[in-house]
$ cat structure.txt   # compact mmCIF, C-alpha atoms
# COMPACT_ATOMS: atom_id res chain seq x y z
CA MET A 203 -4.95 -75.48 37.76
CA ALA A 204 -2.03 -73.97 35.85
CA LEU A 205 -1.11 -70.44 36.69
CA GLN A 206 -1.64 -67.88 33.92
CA THR A 207 1.73 -66.60 32.86
CA GLN A 208 2.55 -63.12 31.63
CA ASP A 209 2.35 -62.27 27.96
CA THR A 210 5.01 -64.34 26.29
CA GLN A 211 4.33 -63.23 22.71
CA PRO A 212 7.63 -63.16 20.82
CA VAL A 213 9.01 -59.74 20.17
CA ALA A 214 8.82 -60.38 16.43
CA PHE A 215 5.01 -60.44 16.60
CA ARG A 216 4.56 -57.21 18.54
CA GLN A 217 3.41 -54.26 16.40
CA GLU A 218 4.84 -50.93 17.41
CA ASN A 219 4.15 -47.68 15.57
CA PRO A 220 7.38 -46.14 14.38
CA ALA A 221 8.03 -42.65 15.81
CA PRO A 222 7.12 -39.93 13.33
CA PRO A 223 10.00 -37.81 12.10
CA ALA A 224 10.57 -34.59 14.02
CA ARG A 225 8.96 -31.52 12.48
CA ASP A 226 12.28 -29.70 12.16
CA GLU A 227 13.81 -32.70 10.39
CA PHE A 228 10.87 -32.91 8.00
CA GLN A 229 11.03 -29.20 7.19
CA HIS A 230 14.77 -29.48 6.63
CA TYR A 231 14.19 -32.42 4.27
CA ILE A 232 11.56 -30.47 2.31
CA ARG A 233 13.80 -27.41 2.00
CA GLU A 234 16.76 -29.52 0.93
CA THR A 235 14.66 -31.31 -1.69
CA MET A 236 13.36 -28.01 -3.04
CA ARG A 237 16.87 -26.57 -3.16
CA ASN A 238 18.06 -29.58 -5.16
CA VAL A 239 15.20 -29.15 -7.61
CA VAL A 240 15.95 -25.44 -8.01
CA ARG A 241 19.67 -26.17 -8.42
CA LEU A 242 18.91 -28.70 -11.16
CA ALA A 243 16.57 -26.27 -12.91
CA LEU A 244 19.07 -23.40 -12.78
CA THR A 245 21.92 -25.64 -13.96
CA THR A 246 19.82 -26.81 -16.91
CA ILE A 247 18.81 -23.24 -17.78
CA LEU A 248 22.42 -22.03 -17.60
CA GLU A 249 23.59 -24.84 -19.85
CA GLU A 250 20.86 -24.14 -22.42
CA GLU A 251 21.68 -20.45 -22.21
CA VAL A 252 25.39 -20.91 -22.89
CA THR A 253 24.62 -23.36 -25.72
CA ALA A 254 22.42 -20.75 -27.40
CA PHE A 255 25.12 -18.09 -26.81
CA ILE A 256 27.86 -20.21 -28.39
CA GLY A 257 25.70 -21.75 -31.09
CA ALA A 258 26.88 -25.28 -30.39
CA ALA A 259 26.31 -28.05 -27.84
CA PRO A 260 29.23 -29.51 -25.84
CA TYR A 261 31.76 -31.27 -28.11
CA GLU A 262 29.73 -30.30 -31.18
CA GLN A 263 31.80 -29.24 -34.17
CA ASN A 264 30.28 -26.74 -36.59
CA ARG A 265 31.37 -23.72 -38.58
CA THR A 266 28.76 -21.33 -37.22
CA ARG A 267 29.74 -21.40 -33.54
CA ARG A 268 30.50 -18.00 -32.02
CA ASP A 269 32.55 -18.94 -28.94
CA TYR A 270 34.06 -21.82 -26.94
CA ARG A 271 33.36 -23.09 -23.43
CA ASN A 272 35.95 -22.32 -20.79
CA GLY A 273 34.88 -24.36 -17.76
CA THR A 274 32.78 -23.00 -14.89
CA TYR A 275 33.07 -20.90 -11.77
CA THR A 276 31.09 -21.33 -8.57
CA ARG A 277 29.05 -18.87 -6.58
CA ASP A 278 26.41 -18.81 -3.86
CA LEU A 279 22.90 -17.61 -4.66
CA ASP A 280 20.10 -16.91 -2.18
CA THR A 281 16.71 -18.03 -3.44
CA SER A 282 13.21 -18.27 -2.01
CA VAL A 283 13.96 -21.88 -0.99
CA GLY A 284 17.28 -21.12 0.65
CA ARG A 285 20.92 -20.65 -0.30
CA LEU A 286 22.36 -22.60 -3.20
CA GLU A 287 26.04 -23.02 -2.40
CA ASP A 288 28.70 -23.48 -5.08
CA LEU A 289 26.31 -23.15 -8.00
CA ALA A 290 28.28 -23.94 -11.18
CA VAL A 291 28.05 -21.08 -13.72
CA PRO A 292 29.43 -21.69 -17.23
CA ARG A 293 32.20 -19.54 -18.69
CA THR A 294 33.33 -18.95 -22.27
CA ARG A 295 36.51 -17.57 -23.73
CA GLN A 296 34.85 -14.32 -24.85
CA GLY A 297 33.01 -13.71 -21.59
CA PHE A 298 29.51 -15.23 -21.46
CA ARG A 299 27.15 -13.50 -19.00
CA THR A 300 23.98 -15.18 -17.88
CA GLN A 301 20.61 -13.43 -17.87
CA VAL A 302 19.39 -15.49 -14.91
CA PHE A 303 21.00 -13.10 -12.41
CA GLU A 304 23.27 -10.06 -12.36
CA ARG A 305 27.00 -10.57 -12.27
CA TYR A 306 27.44 -9.54 -8.64
CA GLN A 307 23.94 -10.38 -7.47
CA ARG A 308 23.77 -12.62 -4.43
CA ARG A 309 19.98 -12.85 -4.08
CA ARG A 310 17.22 -13.58 -6.53
CA PRO A 311 14.86 -10.56 -6.98
CA GLU A 312 11.90 -12.40 -5.46
CA VAL A 313 13.84 -12.73 -2.19
CA ASP A 314 14.44 -8.96 -2.07
CA ALA A 315 10.79 -8.39 -2.98
CA SER A 316 9.67 -10.61 -0.10
CA LEU A 317 11.98 -8.82 2.33
CA GLY A 318 10.68 -5.41 1.33
CA GLU A 319 7.03 -6.46 1.30
CA MET A 320 7.23 -7.86 4.85
CA PHE A 321 8.78 -4.62 6.04
CA ILE A 322 6.03 -2.64 4.30
CA GLN A 323 3.40 -4.80 5.99
CA GLY A 324 4.71 -3.59 9.35
CA VAL A 325 7.06 -6.44 10.31
CA SER A 326 10.16 -5.16 12.11
CA THR A 327 13.60 -5.67 10.52
CA ARG A 328 14.50 -8.19 13.22
CA ASN A 329 11.29 -10.17 12.73
CA VAL A 330 11.71 -10.09 8.95
CA GLY A 331 15.01 -11.89 9.43
CA THR A 332 13.37 -14.46 11.69
CA VAL A 333 10.56 -15.16 9.22
CA MET A 334 12.95 -15.51 6.27
CA GLU A 335 15.15 -17.88 8.25
CA GLN A 336 12.16 -20.09 9.03
CA LEU A 337 11.02 -20.12 5.40
CA THR A 338 14.33 -20.39 3.56
CA GLY A 339 16.99 -21.23 6.13
CA LEU A 340 18.57 -17.80 5.60
CA ALA A 341 18.78 -15.00 8.12
CA PRO A 342 19.28 -11.64 6.37
CA SER A 343 20.58 -8.87 8.57
CA ALA A 344 18.48 -5.88 9.57
CA SER A 345 20.75 -3.67 7.45
CA SER A 346 20.09 -5.87 4.40
CA VAL A 347 16.34 -5.51 4.87
CA SER A 348 16.69 -1.75 5.23
CA ARG A 349 18.75 -1.52 2.05
CA VAL A 350 16.12 -3.45 0.13
CA TYR A 351 13.41 -1.17 1.50
CA HIS A 352 15.25 2.00 0.57
CA LYS A 353 15.52 0.87 -3.04
CA LEU A 354 12.02 2.28 -3.16
CA GLU A 355 13.49 5.77 -3.03
CA ASP A 356 14.33 5.91 -6.74
CA GLU A 357 10.89 4.56 -7.65
CA PHE A 358 9.25 7.07 -5.30
CA THR A 359 11.19 9.95 -6.85
CA ALA A 360 10.03 8.97 -10.33
CA TRP A 361 6.44 8.60 -9.09
CA LYS A 362 6.46 12.15 -7.67
CA GLN A 363 7.59 13.55 -11.02
CA ARG A 364 5.21 11.60 -13.27
CA LYS A 365 2.80 13.47 -15.56
CA LEU A 366 -0.87 13.67 -14.57
CA ALA A 367 -4.08 13.92 -16.59
CA SER A 368 -5.27 17.41 -17.46
CA HIS A 369 -8.86 16.84 -16.26
CA TYR A 370 -10.17 15.18 -13.09
CA VAL A 371 -13.90 14.99 -12.48
CA TYR A 372 -13.52 14.58 -8.70
CA CYS A 373 -10.65 15.23 -6.31
CA PHE A 374 -10.59 14.32 -2.61
CA ALA A 375 -8.25 16.30 -0.37
CA ASP A 376 -7.42 15.79 3.29
CA GLY A 377 -4.59 15.56 5.79
CA THR A 378 -3.57 13.16 8.54
CA TYR A 379 -0.80 12.84 11.13
CA PHE A 380 2.04 10.39 11.76
CA SER A 381 4.54 10.21 14.61
CA VAL A 382 8.05 11.23 13.55
CA ILE A 383 11.12 11.80 15.70
CA TYR A 384 12.41 15.39 15.78
CA ASN A 385 15.29 16.28 18.10
CA HIS A 386 15.04 12.89 19.84
CA GLU A 387 11.33 13.37 20.57
CA GLY A 388 8.25 11.95 18.89
CA CYS A 389 6.14 14.63 17.21
CA LYS A 390 3.02 14.65 15.07
CA MET A 391 3.82 15.32 11.42
CA PRO A 392 0.98 16.14 8.98
CA ILE A 393 0.80 14.55 5.54
CA LEU A 394 -1.45 16.20 2.96
CA ALA A 395 -2.84 14.06 0.15
CA VAL A 396 -5.05 14.27 -2.95
CA ILE A 397 -6.91 11.44 -4.70
CA GLY A 398 -8.36 12.07 -8.16
CA ILE A 399 -10.96 10.36 -10.35
CA ARG A 400 -10.52 10.84 -14.08
CA PRO A 401 -13.32 11.09 -16.66
CA ASP A 402 -12.74 7.41 -17.51
CA GLY A 403 -13.40 6.44 -13.87
CA VAL A 404 -9.82 5.56 -12.96
CA ARG A 405 -9.01 6.49 -9.37
CA GLU A 406 -5.43 7.33 -8.34
CA VAL A 407 -3.41 9.02 -5.64
CA LEU A 408 -2.18 12.19 -7.32
CA ALA A 409 0.25 13.43 -4.70
CA PHE A 410 1.06 13.63 -1.01
CA SER A 411 3.56 15.70 0.90
CA VAL A 412 4.60 16.89 4.33
CA GLY A 413 2.52 19.88 5.36
CA ASP A 414 3.56 22.21 8.14
CA ARG A 415 0.46 22.31 10.40
CA GLU A 416 -1.77 21.95 7.32
CA ASN A 417 -1.48 25.69 6.63
CA ALA A 418 -2.54 27.40 3.41
CA ASP A 419 1.01 27.68 2.06
CA ALA A 420 1.54 23.93 2.40
CA TRP A 421 -1.68 23.23 0.51
CA LYS A 422 -0.81 25.77 -2.18
CA LEU A 423 2.56 24.07 -2.74
CA LEU A 424 0.84 20.72 -3.13
CA LEU A 425 -1.73 22.12 -5.57
CA ASP A 426 0.99 23.94 -7.51
CA ASP A 427 2.74 20.60 -7.88
CA LEU A 428 -0.43 19.12 -9.40
CA LYS A 429 -0.70 21.97 -11.90
CA ASP A 430 3.01 21.77 -12.77
CA ARG A 431 2.51 18.09 -13.66
CA GLY A 432 -0.40 18.76 -15.97
CA VAL A 433 -3.65 19.14 -13.99
CA GLN A 434 -5.69 21.99 -15.51
CA ARG A 435 -9.26 21.29 -14.47
CA VAL A 436 -11.07 19.75 -11.50
CA ASP A 437 -14.87 19.71 -11.57
CA LEU A 438 -15.52 18.99 -7.89
CA TRP A 439 -13.37 18.99 -4.76
CA ILE A 440 -14.55 16.89 -1.81
CA THR A 441 -13.09 18.17 1.48
CA ASP A 442 -13.72 18.76 5.14
CA GLY A 443 -14.04 22.29 6.53
CA ASN A 444 -10.32 23.08 6.88
CA ALA A 445 -10.11 26.79 6.06
CA ALA A 446 -6.47 26.71 4.93
CA MET A 447 -7.21 23.95 2.44
CA LEU A 448 -10.33 25.68 1.14
CA ASN A 449 -8.50 28.97 0.62
CA ALA A 450 -5.74 27.20 -1.30
CA ILE A 451 -8.23 25.36 -3.54
CA GLU A 452 -10.12 28.57 -4.27
CA ALA A 453 -6.86 30.29 -5.18
CA LYS A 454 -5.52 27.54 -7.43
CA PHE A 455 -8.75 26.11 -8.90
CA PRO A 456 -11.22 29.01 -8.76
CA GLN A 457 -13.64 27.45 -11.28
CA ALA A 458 -14.05 24.18 -9.38
CA ARG A 459 -17.08 23.41 -7.21
CA ARG A 460 -16.82 22.09 -3.65
CA GLN A 461 -18.56 19.35 -1.70
CA ARG A 462 -18.38 19.59 2.10
CA CYS A 463 -18.11 16.21 3.84
CA VAL A 464 -21.55 15.67 5.38
CA LEU A 465 -20.21 13.38 8.13
CA HIS A 466 -17.94 16.16 9.38
CA LYS A 467 -20.81 18.63 9.16
CA MET A 468 -23.21 16.40 11.11
CA LYS A 469 -20.55 15.83 13.77
CA ASN A 470 -20.09 19.59 14.14
CA VAL A 471 -23.82 20.21 14.38
CA LEU A 472 -24.40 17.47 16.95
CA GLY A 473 -21.61 18.97 19.02
CA TYR A 474 -24.10 21.71 19.95
CA VAL A 475 -26.84 19.24 20.86
CA PRO A 476 -26.97 17.47 24.26
CA LYS A 477 -25.83 13.85 23.93
CA HIS A 478 -29.05 12.50 25.39
CA GLN A 479 -30.89 14.13 22.45
CA HIS A 480 -28.65 12.70 19.69
CA ALA A 481 -30.83 9.62 19.16
CA LEU A 482 -33.77 11.92 18.40
CA VAL A 483 -32.02 14.62 16.36
CA GLU A 484 -29.43 12.66 14.36
CA PRO A 485 -31.82 10.63 12.12
CA GLU A 486 -33.64 13.81 11.05
CA LEU A 487 -30.34 15.59 10.42
CA LYS A 488 -28.98 12.69 8.39
CA ALA A 489 -32.16 12.51 6.30
CA ILE A 490 -31.33 15.90 4.75
CA PHE A 491 -28.46 14.28 2.86
CA TYR A 492 -30.32 11.14 1.77
CA GLN A 493 -33.20 12.58 -0.22
CA ASP A 494 -34.09 11.77 -3.82
CA SER A 495 -33.28 15.26 -5.10
CA ARG A 496 -31.76 18.54 -4.06
CA THR A 497 -35.21 20.13 -3.92
CA GLN A 498 -36.38 17.55 -1.41
CA ALA A 499 -33.14 17.98 0.55
CA GLU A 500 -33.71 21.73 0.80
CA GLN A 501 -37.25 21.10 2.01
CA ALA A 502 -35.99 18.67 4.64
CA LEU A 503 -33.40 21.24 5.68
CA ALA A 504 -36.03 23.98 6.09
CA ALA A 505 -38.23 21.66 8.15
CA PHE A 506 -35.33 20.65 10.39
CA CYS A 507 -34.30 24.26 11.00
CA ALA A 508 -37.88 25.32 11.78
CA LYS A 509 -38.26 22.48 14.27
CA TYR A 510 -35.04 22.96 16.23
CA GLU A 511 -34.09 26.62 15.75
CA LYS A 512 -35.52 27.82 19.06
CA THR A 513 -34.23 24.86 21.08
CA TYR A 514 -30.76 24.50 19.53
CA ASN A 515 -30.08 27.84 17.92
CA THR A 516 -26.27 27.44 17.84
CA ALA A 517 -26.57 24.03 16.18
CA ILE A 518 -28.83 25.49 13.48
CA GLU A 519 -26.38 28.33 12.87
CA CYS A 520 -23.61 25.76 12.43
CA LEU A 521 -25.79 23.76 10.02
CA ARG A 522 -26.60 26.75 7.85
CA ARG A 523 -22.94 27.73 7.44
CA ASP A 524 -21.67 26.47 4.05
CA MET A 525 -24.81 24.34 3.71
CA ASP A 526 -24.83 24.99 -0.02
CA ALA A 527 -21.51 23.14 -0.29
CA CYS A 528 -22.97 20.22 1.66
CA LEU A 529 -25.65 19.72 -0.99
CA THR A 530 -23.46 20.06 -4.10
CA PHE A 531 -23.33 16.31 -4.67
CA TYR A 532 -27.04 16.36 -5.63
CA ASP A 533 -26.04 18.16 -8.86
CA PHE A 534 -23.88 15.24 -10.00
CA PRO A 535 -24.84 11.75 -11.28
CA ARG A 536 -26.95 9.91 -8.74
CA PRO A 537 -24.80 6.72 -8.81
CA HIS A 538 -21.92 8.85 -7.48
CA TRP A 539 -23.78 10.40 -4.53
CA ARG A 540 -22.61 7.78 -2.07
CA THR A 541 -18.99 8.41 -3.07
CA LEU A 542 -19.23 12.20 -3.10
CA ARG A 543 -21.12 12.83 0.13
CA THR A 544 -18.08 12.26 2.35
CA THR A 545 -14.28 12.18 2.37
CA ASN A 546 -14.33 8.44 3.12
CA VAL A 547 -12.39 7.72 -0.08
CA ILE A 548 -9.26 9.43 1.18
CA GLU A 549 -9.79 8.59 4.85
CA ARG A 550 -9.83 4.88 4.00
CA LEU A 551 -6.46 5.41 2.32
CA PHE A 552 -5.08 6.96 5.50
CA GLU A 553 -6.45 4.07 7.56
CA GLU A 554 -4.74 1.56 5.29
CA VAL A 555 -1.38 3.27 5.68
CA LYS A 556 -1.76 3.61 9.45
CA LYS A 557 -2.79 -0.01 9.77
CA ARG A 558 0.61 -0.96 8.38
CA SER A 559 2.62 1.65 10.28
CA HIS A 560 1.00 0.91 13.65
CA LYS A 561 2.38 -2.63 13.52
CA MET A 562 5.84 -1.14 13.90
CA ASN A 563 4.84 0.25 17.28
CA ALA A 564 7.37 3.09 17.00
CA ALA A 565 7.68 6.58 15.59
CA PHE A 566 9.33 7.02 12.20
CA PRO A 567 13.00 8.03 12.56
CA ASN A 568 12.60 10.86 10.02
CA GLU A 569 10.22 12.40 7.49
CA ASN A 570 11.68 10.50 4.56
CA SER A 571 11.05 7.09 6.11
CA CYS A 572 7.43 8.09 6.78
CA LEU A 573 6.91 9.25 3.19
CA LEU A 574 8.51 6.07 1.86
CA MET A 575 6.17 3.95 3.95
CA PHE A 576 3.20 5.95 2.67
CA TYR A 577 4.30 5.38 -0.93
CA ALA A 578 5.15 1.72 -0.36
CA VAL A 579 1.62 1.07 0.86
CA ILE A 580 -0.27 2.97 -1.84
CA ARG A 581 1.77 1.42 -4.68
CA GLY A 582 0.32 -1.95 -3.78
CA LEU A 583 -3.32 -0.85 -3.54
CA ASN A 584 -5.86 -1.58 -6.24
CA PHE A 585 -8.53 1.12 -6.45
CA LYS A 586 -11.97 0.21 -7.72
CA LYS A 587 -12.83 1.98 -10.95
CA VAL A 588 -15.80 4.35 -10.80
CA THR A 589 -18.51 3.77 -13.40
CA MET A 590 -18.97 7.02 -15.30
CA PRO A 591 -22.15 8.00 -17.22
CA ASN A 592 -21.97 8.17 -20.99

$ encode --input "structure.txt" --output "structure tokens"
Amino acid sequence: MALQTQDTQPVAFRQENPAPPARDEFQHYIRETMRNVVRLALTTILEEEVTAFIGAAPYEQNRTRRDYRNGTYTRDLDTSVGRLEDLAVPRTRQGFRTQVFERYQRRRPEVDASLGEMFIQGVSTRNVGTVMEQLTGLAPSASSVSRVYHKLEDEFTAWKQRKLASHYVYCFADGTYFSVIYNHEGCKMPILAVIGIRPDGVREVLAFSVGDRENADAWKLLLDDLKDRGVQRVDLWITDGNAAMLNAIEAKFPQARRQRCVLHKMKNVLGYVPKHQHALVEPELKAIFYQDSRTQAEQALAAFCAKYEKTYNTAIECLRRDMDACLTFYDFPRPHWRTLRTTNVIERLFEEVKKRSHKMNAAFPNENSCLLMFYAVIRGLNFKKVTMPN
């Protein structure tokens, strides 16, 4: 019996899967292909642009031409697909200037926009460079990213000086804190802010500023700024119980009504109730602010006070203080009650800004950088329009 030999299939008949290209090589190929496409597109656009400027195609003879070609010069240009080296830019005898990019510009605007947006989103300057290098093959320096970011300063200055509407139906006012370095130490810096809703339902951030300990003078300066820029009337202010803020509002907008945030009020009241009783007391307390009318709310309030006055006298005293301001929202259109009951509108804004700033995991180096971050975030937010009654 013949012995079975090993596989003697000729090499030509063996099927082997070719090794897939390395990921880095594939990405490099894609980037290079995209750069070539962009280079071709820009070259074509530049040629069409110079033809329109001169009024004649290459080697075309006509009597209406306005200039003559004078060769090209080369330059590098950073784009969203990487750096285009030695890009040929046409020249003319009388000095043609392209509209595709500025004369001394080395980056397309979308690259700068991407750099700034990543920094705004909370990515560190070092990590921004890493991300851009992975996407485009370029590695901008931390100083370049910072320069792009600080271009916001001029825009921010113009935003602070813009004119405002004369009438706002609702204004939300509150303050929050950010960590800023003073004298080489991290300190809490307050920022005071106001959001307004116009009679047409448009919602906008009216102003924000640094406020020293949220005192009355700081709030008065902020409200004076609103009046200087055109605000004459506010129908309703929605606030917490900060006395300095309330005094400033009363001084600057004495005709306006006030709505006290009911969430803050309930928190204060429950602070005088034992925690093991919160599950029993809180639903009844909350029901005061979720009635079908102010009359029913006042009845629910009277019933709550009668029930708990002897047991939790201090809590009832807290509840009765400025209770009228807690029920003001009932006098406004019912579809707006949910919006007006609390200061959630402005607190959500603060949360959005802090969500971005916390990614940096460091205190702001100065007040200006904190204010710029605040502005950079709010400029990109889209506020939902409030439906107003006819």

$ closest_residue --input "structure.txt" --among "A:Ala367, A:Ala445, A:Val433, A:Arg265" --to "Asp402 in chain A" --atoms "all atoms listed in the file"
A:Ala367

$ residues_near_point --input "structure.txt" --point "(6.5, 12.6, -15.5)" --cutoff "12 Å" --atoms "all atoms listed in the file" --output "number ranges by chain"
A: 358-367, 408, 427-428, 430-432

$ atom_distance --input "structure.txt" --atom1 "CA of Pro567 in chain A" --atom2 "CA of Phe585 in chain A"
29.5 Å

$ atom_distance --input "structure.txt" --atom1 "CA of Asp288 in chain A" --atom2 "CA of Gly257 in chain A"
26.2 Å

$ residues_around --input "structure.txt" --residues "range 476-480 of chain A" --least-positions-apart "5" --cutoff "12 Å" --atoms "all atoms listed in the file" --output "short mmCIF file (atom, residue, chain, number, x, y, z; two decimals) with C-alpha atoms, keeping the file's coordinate frame"
data_model
loop_
_atom_site.label_atom_id
_atom_site.label_comp_id
_atom_site.auth_asym_id
_atom_site.auth_seq_id
_atom_site.Cartn_x
_atom_site.Cartn_y
_atom_site.Cartn_z
CA MET A 468 -23.21 16.40 11.11
CA LYS A 469 -20.55 15.83 13.77
CA VAL A 471 -23.82 20.21 14.38
CA PRO A 485 -31.82 10.63 12.12
CA GLU A 486 -33.64 13.81 11.05
CA LEU A 487 -30.34 15.59 10.42
CA LYS A 488 -28.98 12.69 8.39
CA TYR A 510 -35.04 22.96 16.23
CA THR A 513 -34.23 24.86 21.08
CA TYR A 514 -30.76 24.50 19.53
CA THR A 516 -26.27 27.44 17.84
CA ALA A 517 -26.57 24.03 16.18
#

$ residues_around --input "structure.txt" --residues "Leu423 in chain A" --least-positions-apart "6" --cutoff "10 Å" --atoms "all atoms listed in the file" --output "list in words"
Ser411, Gly413, Lys429, Ala450 and Lys454 of chain A

$ write_last_selection --input "structure.txt" --atoms "C-alpha atoms" --output "PDB file, in the frame of the given file"
ATOM      1  CA  SER A 411       3.560  15.700   0.900  1.00  0.00           C
ATOM      2  CA  GLY A 413       2.520  19.880   5.360  1.00  0.00           C
ATOM      3  CA  LYS A 429      -0.700  21.970 -11.900  1.00  0.00           C
ATOM      4  CA  ALA A 450      -5.740  27.200  -1.300  1.00  0.00           C
ATOM      5  CA  LYS A 454      -5.520  27.540  -7.430  1.00  0.00           C
TER       6      LYS A 454
END

$ atom_distance --input "structure.txt" --atom1 "CA of Arg523 in chain A" --atom2 "CA of Lys467 in chain A"
9.5 Å

$ closest_residue --input "structure.txt" --among "A:Thr300, A:Thr530, A:Thr441, A:Asn385" --to "Ile548 in chain A" --atoms "only C-alpha atoms"
A:Thr441

$ decode --input "structure.txt" --residues "range 527-548 of chain A" --atoms "C-alpha atoms" --output "PDB file, in the first residue's frame"
ATOM      1  CA  ALA A 527     -44.517  86.480  44.584  1.00  0.00           C
ATOM      2  CA  CYS A 528     -44.527  82.684  44.345  1.00  0.00           C
ATOM      3  CA  LEU A 529     -48.045  82.734  42.893  1.00  0.00           C
ATOM      4  CA  THR A 530     -47.598  85.589  40.393  1.00  0.00           C
ATOM      5  CA  PHE A 531     -47.275  83.226  37.442  1.00  0.00           C
ATOM      6  CA  TYR A 532     -50.978  82.332  37.794  1.00  0.00           C
ATOM      7  CA  ASP A 533     -51.818  85.841  36.520  1.00  0.00           C
ATOM      8  CA  PHE A 534     -50.073  85.209  33.183  1.00  0.00           C
ATOM      9  CA  PRO A 535     -51.073  83.004  30.206  1.00  0.00           C
ATOM     10  CA  ARG A 536     -51.520  79.402  31.276  1.00  0.00           C
ATOM     11  CA  PRO A 537     -49.259  77.973  28.514  1.00  0.00           C
ATOM     12  CA  HIS A 538     -46.391  79.932  30.102  1.00  0.00           C
ATOM     13  CA  TRP A 539     -46.858  78.672  33.674  1.00  0.00           C
ATOM     14  CA  ARG A 540     -44.364  75.856  33.299  1.00  0.00           C
ATOM     15  CA  THR A 541     -41.724  78.311  32.067  1.00  0.00           C
ATOM     16  CA  LEU A 542     -42.434  80.992  34.666  1.00  0.00           C
ATOM     17  CA  ARG A 543     -42.680  78.892  37.822  1.00  0.00           C
ATOM     18  CA  THR A 544     -38.915  78.445  38.163  1.00  0.00           C
ATOM     19  CA  THR A 545     -35.556  79.892  37.116  1.00  0.00           C
ATOM     20  CA  ASN A 546     -34.788  76.730  35.124  1.00  0.00           C
ATOM     21  CA  VAL A 547     -34.466  78.761  31.914  1.00  0.00           C
ATOM     22  CA  ILE A 548     -31.350  80.546  33.112  1.00  0.00           C
TER      23      ILE A 548
END
